[in-house]
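Below: one structure, written as structure tokens.
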Amino acid sequence: MMKRKAQVFVTACSFFFAAFVVGLTATRLRRKQIVPDKYAADAHTWWIWAENMYAAASVLFDPQRPGLWFGAAQLGALALEAFLKAALIRNGHTVVREDVWGHDLPKLAKKLASEIQAFPPEIIANVRVFSNLFEELRYPSALKRVKGLGEYEGELLTETVKMLRPYAKD
């Protein structure tokens, strides 16, 4: 019973730490004034936002600290969204009212694919897997069911970012 309470306490502390790290990252980015407005039409602004979110997510995907995975997945989803928006803008699309934070990532990837002739379908598949991972990690019960998370998810994010960068870079 005591061991169980200790595990719950450690997990709770990990979640608070992840929230703290996410908050610090967002504050740091706001101070640098690179947080894009939800209607920003500048691909470079979205690119910088994406790179910063990706850097923070890759640090938090640590298999030894599962309490940080949700924060990592959240930042990873924001990074992928920003890369997709930068790519859309770079290819002539204007970010419109529907393109707000929390957009369905696979839908956004499909939209980009429809506008770029040589778009690899693996990007859509990877984005869908990562999006599903994020949905799973929204609920703490998922952490009890799945062992060994962190390393694979970090690799998946890195691989997807590597594929998206050429489309999003100015």
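Every chain in the structure tokens has a letter given in the order shown (A, B, ...), and although residue numbers restart at 1 in each chain, ligands are simply numbered from 1 in the order shown.
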- Query: Skipping near chain neighbours, those fewer than 5 positions away, what residues fall within 10 Å of A:Leu156 using only C-alpha atoms, listed as an MDAnalysis selection string?
  - Reply: chainID A and resid 126:127 129:130 150:151 161:162
Could the residues in this selection be saved with C-alpha atoms as an mmCIF file, in the first residue's frame?
```cif
data_model
loop_
_atom_site.group_PDB
_atom_site.id
_atom_site.type_symbol
_atom_site.label_atom_id
_atom_site.label_comp_id
_atom_site.auth_asym_id
_atom_site.auth_seq_id
_atom_site.Cartn_x
_atom_site.Cartn_y
_atom_site.Cartn_z
ATOM 1 C CA ASN A 126 3.256 9.083 -39.235
ATOM 2 C CA VAL A 127 1.198 12.139 -38.317
ATOM 3 C CA VAL A 129 0.139 7.545 -35.481
ATOM 4 C CA PHE A 130 1.534 10.477 -33.500
ATOM 5 C CA GLY A 150 9.032 7.418 -24.795
ATOM 6 C CA GLU A 151 11.850 6.194 -26.982
ATOM 7 C CA VAL A 161 9.897 16.240 -38.487
ATOM 8 C CA LYS A 162 12.804 15.171 -40.723
#
```
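Nearest to A:Trp46 of all the residues A:Arg165, A:Arg128, A:Arg65, A:Lys110 is A:Arg165, counting only C-alpha atoms.
Straight-line separation from atom CA of A:Glu51 to atom CA of A:Ala79: 6.8 Å.
The shortest atom-to-atom distance to A:His93, with only C-alpha atoms taken into account, belongs to A:Ala43 out of A:Ala43, A:Leu80, A:Ala50, A:Leu68.
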- Residue with the minimum atom-to-atom distance to A:Leu84, picked from A:Trp49, A:Phe134, A:Tyr152, A:Phe70 with only C-alpha atoms counted, is A:Trp49
